[in-house]
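Asks: I'm passing along structure-v4.pdb; it holds PDB, C-alpha atoms.
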ATOM      1  CA  MET C 218      52.955 -11.759   6.198
ATOM      2  CA  ALA C 219      51.060 -11.519   2.899
ATOM      3  CA  GLU C 220      47.797 -13.363   2.519
ATOM      4  CA  ALA C 221      46.211 -14.527  -0.674
ATOM      5  CA  VAL C 222      42.574 -13.578  -1.081
ATOM      6  CA  ILE C 223      40.594 -16.151  -2.997
ATOM      7  CA  GLU C 224      37.461 -14.905  -4.658
ATOM      8  CA  GLU C 225      34.453 -17.220  -4.406
ATOM      9  CA  ARG C 226      32.934 -17.680  -7.866
ATOM     10  CA  GLN C 227      30.015 -19.724  -9.085
ATOM     11  CA  LEU C 228      28.410 -20.334 -12.420
ATOM     12  CA  LEU C 229      25.223 -18.447 -13.084
ATOM     13  CA  LYS C 230      22.195 -20.696 -13.544
ATOM     14  CA  SER C 231      19.936 -18.415 -15.499
ATOM     15  CA  LEU C 232      18.548 -20.713 -18.208
ATOM     16  CA  ARG C 233      14.923 -21.772 -17.964
ATOM     17  CA  TRP C 234      13.428 -24.931 -19.466
ATOM     18  CA  TYR C 235      12.233 -22.948 -22.491
ATOM     19  CA  ASP C 236      15.759 -21.646 -23.168
ATOM     20  CA  GLY C 237      17.081 -25.194 -23.174
ATOM     21  CA  PHE C 238      14.265 -26.278 -25.472
ATOM     22  CA  VAL C 239      15.062 -23.531 -27.996
ATOM     23  CA  ILE C 240      18.791 -24.320 -27.858
ATOM     24  CA  ALA C 241      17.990 -27.974 -28.494
ATOM     25  CA  LEU C 242      15.846 -27.042 -31.503
ATOM     26  CA  ALA C 243      18.850 -25.505 -33.234
ATOM     27  CA  ASN C 244      20.756 -28.787 -33.169
ATOM     28  CA  PRO C 245      18.587 -31.327 -35.049
ATOM     29  CA  GLY C 246      17.467 -29.138 -37.962
ATOM     30  CA  PHE C 247      19.466 -31.178 -40.457
ATOM     31  CA  LEU C 248      18.079 -34.368 -38.943
ATOM     32  CA  LEU C 249      14.512 -33.297 -39.638
ATOM     33  CA  GLY C 250      15.531 -32.468 -43.200
ATOM     34  CA  SER C 251      16.893 -35.981 -43.626
ATOM     35  CA  LEU C 252      13.684 -37.616 -42.395
ATOM     36  CA  GLY C 253      12.170 -37.648 -45.886
ATOM     37  CA  TYR C 254      15.310 -39.191 -47.363
ATOM     38  CA  SER C 255      15.357 -41.940 -44.745
ATOM     39  CA  VAL C 256      11.723 -42.773 -45.543
ATOM     40  CA  GLY C 257      12.614 -42.880 -49.244
ATOM     41  CA  ASP C 258      15.638 -45.117 -48.694
ATOM     42  CA  LEU C 259      14.417 -47.382 -45.890
ATOM     43  CA  GLY C 260      10.665 -47.322 -46.357
ATOM     44  CA  GLY C 261       8.165 -46.195 -43.743
ATOM     45  CA  TRP C 262       8.724 -48.920 -41.157
ATOM     46  CA  GLY C 263      12.497 -48.926 -41.638
ATOM     47  CA  ALA C 264      12.625 -45.174 -41.012
ATOM     48  CA  VAL C 265      10.379 -45.501 -37.945
ATOM     49  CA  LEU C 266      12.657 -48.247 -36.593
ATOM     50  CA  LEU C 267      15.815 -46.238 -37.298
ATOM     51  CA  TRP C 268      14.447 -43.061 -35.724
ATOM     52  CA  GLY C 269      13.009 -44.962 -32.765
ATOM     53  CA  ILE C 270      16.350 -46.625 -32.003
ATOM     54  CA  SER C 271      18.111 -43.267 -32.439
ATOM     55  CA  ALA C 272      15.654 -41.565 -30.068
ATOM     56  CA  PHE C 273      16.129 -44.323 -27.469
ATOM     57  CA  ILE C 274      19.904 -43.960 -27.619
ATOM     58  CA  ALA C 275      19.590 -40.159 -27.384
ATOM     59  CA  VAL C 276      17.384 -40.386 -24.280
ATOM     60  CA  PHE C 277      19.854 -42.831 -22.722
ATOM     61  CA  LEU C 278      22.850 -40.566 -23.457
ATOM     62  CA  ASN C 279      21.055 -37.437 -22.244
ATOM     63  CA  THR C 280      20.157 -39.205 -19.001
ATOM     64  CA  ILE C 281      23.807 -40.071 -18.454
ATOM     65  CA  TYR C 282      24.848 -36.507 -19.305
ATOM     66  CA  SER C 283      22.313 -35.036 -16.860
ATOM     67  CA  GLU C 284      23.556 -37.386 -14.128
ATOM     68  CA  LEU C 285      27.115 -36.201 -14.724
ATOM     69  CA  ALA C 286      25.978 -32.575 -14.601
ATOM     70  CA  THR C 287      24.288 -33.303 -11.275
ATOM     71  CA  MET C 288      27.407 -34.994  -9.886
ATOM     72  CA  PHE C 289      29.602 -31.983 -10.720
ATOM     73  CA  PRO C 290      27.374 -28.907 -10.296
ATOM     74  CA  GLU C 291      30.335 -26.555  -9.860
ATOM     75  CA  LYS C 292      31.829 -27.491 -13.248
ATOM     76  CA  SER C 293      30.810 -25.869 -16.513
ATOM     77  CA  GLY C 294      30.314 -29.210 -18.250
ATOM     78  CA  GLY C 295      31.413 -31.065 -21.313
ATOM     79  CA  MET C 296      32.179 -34.727 -21.838
ATOM     80  CA  ALA C 297      35.936 -34.194 -21.641
ATOM     81  CA  LEU C 298      35.638 -32.391 -18.300
ATOM     82  CA  TYR C 299      33.273 -35.010 -16.902
ATOM     83  CA  ALA C 300      35.607 -37.798 -18.040
ATOM     84  CA  HIS C 301      38.522 -36.092 -16.330
ATOM     85  CA  GLU C 302      36.607 -35.532 -13.098
ATOM     86  CA  GLY C 303      35.189 -39.053 -13.026
ATOM     87  CA  TRP C 304      38.453 -40.881 -13.731
ATOM     88  CA  ARG C 305      41.097 -38.649 -12.160
ATOM     89  CA  LYS C 306      41.379 -40.694  -8.956
ATOM     90  CA  TYR C 307      42.425 -43.685 -11.109
ATOM     91  CA  THR C 308      44.426 -41.976 -13.859
ATOM     92  CA  THR C 309      44.838 -38.469 -15.209
ATOM     93  CA  LEU C 310      45.199 -39.713 -18.777
ATOM     94  CA  VAL C 311      41.458 -40.046 -19.488
ATOM     95  CA  GLY C 312      40.812 -36.290 -19.476
ATOM     96  CA  PRO C 313      43.368 -35.405 -22.175
ATOM     97  CA  ILE C 314      42.334 -38.405 -24.288
ATOM     98  CA  ALA C 315      38.659 -37.415 -24.073
ATOM     99  CA  THR C 316      39.545 -33.812 -24.901
ATOM    100  CA  PHE C 317      41.569 -34.895 -27.935
ATOM    101  CA  GLY C 318      38.772 -37.204 -29.091
ATOM    102  CA  TYR C 319      36.229 -34.410 -28.803
ATOM    103  CA  TRP C 320      38.523 -31.978 -30.606
ATOM    104  CA  ILE C 321      39.479 -34.336 -33.431
ATOM    105  CA  GLY C 322      35.833 -35.259 -34.004
ATOM    106  CA  TRP C 323      34.847 -31.618 -34.505
ATOM    107  CA  SER C 324      37.945 -30.877 -36.592
ATOM    108  CA  VAL C 325      37.324 -33.730 -39.006
ATOM    109  CA  VAL C 326      33.660 -32.773 -39.383
ATOM    110  CA  LEU C 327      34.562 -29.135 -40.038
ATOM    111  CA  SER C 328      37.146 -30.032 -42.644
ATOM    112  CA  VAL C 329      34.884 -32.518 -44.455
ATOM    113  CA  PHE C 330      31.938 -30.106 -44.455
ATOM    114  CA  GLY C 331      34.234 -27.273 -45.573
ATOM    115  CA  LEU C 332      35.411 -29.369 -48.516
ATOM    116  CA  PHE C 333      31.849 -30.429 -49.299
ATOM    117  CA  ILE C 334      30.586 -26.823 -49.234
ATOM    118  CA  GLY C 335      33.538 -25.775 -51.403
ATOM    119  CA  GLN C 336      32.650 -28.410 -53.996
ATOM    120  CA  ILE C 337      28.997 -27.306 -53.984
ATOM    121  CA  ILE C 338      30.008 -23.661 -54.466
ATOM    122  CA  GLN C 339      32.418 -24.605 -57.238
ATOM    123  CA  GLY C 340      29.823 -26.750 -58.996
ATOM    124  CA  ALA C 341      27.224 -23.964 -58.819
ATOM    125  CA  TRP C 342      29.312 -20.909 -59.673
ATOM    126  CA  PHE C 343      32.542 -22.181 -61.271
ATOM    127  CA  PRO C 344      31.556 -25.342 -63.175
ATOM    128  CA  GLY C 345      34.450 -25.287 -65.649
ATOM    129  CA  SER C 346      37.254 -24.860 -63.136
ATOM    130  CA  PRO C 347      39.492 -27.774 -62.162
ATOM    131  CA  ILE C 348      38.486 -29.735 -59.092
ATOM    132  CA  GLY C 349      41.897 -29.864 -57.444
ATOM    133  CA  SER C 350      41.937 -33.480 -56.409
ATOM    134  CA  PRO C 351      45.100 -35.578 -56.597
ATOM    135  CA  LEU C 352      43.596 -37.155 -59.721
ATOM    136  CA  GLY C 353      43.324 -33.906 -61.696
ATOM    137  CA  ASP C 354      45.100 -30.599 -62.214
ATOM    138  CA  GLY C 355      44.414 -28.185 -59.384
ATOM    139  CA  TYR C 356      45.115 -24.510 -58.921
ATOM    140  CA  PHE C 357      48.204 -25.062 -56.815
ATOM    141  CA  SER C 358      50.425 -28.083 -56.756
ATOM    142  CA  SER C 359      53.025 -29.053 -54.193
ATOM    143  CA  GLY C 360      54.494 -32.359 -55.167
ATOM    144  CA  GLY C 361      51.664 -34.890 -55.098
ATOM    145  CA  ALA C 362      49.202 -32.693 -53.191
ATOM    146  CA  GLN C 363      47.051 -30.398 -55.296
ATOM    147  CA  VAL C 364      44.740 -27.745 -53.936
ATOM    148  CA  GLY C 365      41.772 -26.374 -55.877
ATOM    149  CA  LEU C 366      38.902 -24.022 -55.153
ATOM    150  CA  PRO C 367      36.925 -26.451 -52.918
ATOM    151  CA  GLN C 368      39.957 -27.041 -50.722
ATOM    152  CA  LEU C 369      40.652 -23.299 -50.440
ATOM    153  CA  ILE C 370      37.018 -22.588 -49.502
ATOM    154  CA  GLY C 371      37.080 -25.458 -46.995
ATOM    155  CA  ILE C 372      40.308 -24.227 -45.414
ATOM    156  CA  GLY C 373      38.870 -20.707 -45.270
ATOM    157  CA  LEU C 374      35.718 -21.931 -43.529
ATOM    158  CA  VAL C 375      37.681 -23.935 -40.963
ATOM    159  CA  VAL C 376      39.967 -20.954 -40.265
ATOM    160  CA  ALA C 377      36.941 -18.634 -39.953
ATOM    161  CA  VAL C 378      35.247 -20.944 -37.435
ATOM    162  CA  TRP C 379      38.496 -21.328 -35.508
ATOM    163  CA  LEU C 380      39.054 -17.562 -35.384
ATOM    164  CA  SER C 381      35.484 -16.867 -34.298
ATOM    165  CA  THR C 382      35.614 -19.435 -31.487
ATOM    166  CA  SER C 383      39.017 -18.305 -30.249
ATOM    167  CA  SER C 384      37.979 -14.635 -30.287
ATOM    168  CA  ALA C 385      34.757 -15.519 -28.430
ATOM    169  CA  ARG C 386      36.787 -17.414 -25.826
ATOM    170  CA  ALA C 387      39.215 -14.512 -25.425
ATOM    171  CA  SER C 388      36.460 -11.912 -25.005
ATOM    172  CA  GLY C 389      34.234 -13.757 -22.653
TER
END
Output the file's structure in the form of structure tokens.

Replies:
Amino acid sequence: MAEAVIEERQLLKSLRWYDGFVIALANPGFLLGSLGYSVGDLGGWGAVLLWGISAFIAVFLNTIYSELATMFPEKSGGMALYAHEGWRKYTTLVGPIATFGYWIGWSVVLSVFGLFIGQIIQGAWFPGSPIGSPLGDGYFSSGGAQVGLPQLIGIGLVVAVWLSTSSARASG
């Protein structure tokens, strides 16, 4: 009789506290850049209140996230995975919904930032070219939808990010 051999695998825990600190520094760079604008718009005390409330919420969410990571030490992590593991004895629908919500949030942000970066590039280097919105004449037109340089740059950026993440997933 044939027997299946199951290989025992575990995640490597090789990050130190300093590694986590440096990884966390990469995330809020744009937030620190916006600090001056929030002081200008809200005043000193308004900005302190806004940033204090934001820091409190962040500490609260990180505490919850660390508790979930402690509950499921054999899992690689992620809110969608933790939602699936936490709710699967009641329903298996929460995991796919959380995964879709996480995916759609990143996709919308990538597409909006891609369009925004495309408009900045067009304004800086191609100021006389048409914008490509439904209100004006774009480079390409398909019925009511018109695509100009910002949309093409935005689509290119989204495709580049998608290709880089899928190739990283395939290789490692």

Asks: Which distance in Å separates atom CA of Glu225 of chain C and atom CA of Lys306 of chain C, to one decimal?

Replies: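 Taking atom CA of Glu225 of chain C as the start and atom CA of Lys306 of chain C as the end point, the length is 24.9 Å.
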
Asks: Please evaluate the PyMOL selection byres ((chain C and resi 271-282) around 12) against the displayed coordinates and give the resulting residues as a ChimeraX atom specification.

Replies: /C:241,245,248,264-270,283-289,294-300

Asks: I'd like the interatomic distance between atom CA of Ile370 of chain C and atom CA of Ser328 of chain C, to a tenth of an Å.

Replies: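 Interatomic distance, atom CA of Ile370 of chain C to atom CA of Ser328 of chain C: 10.1 Å.
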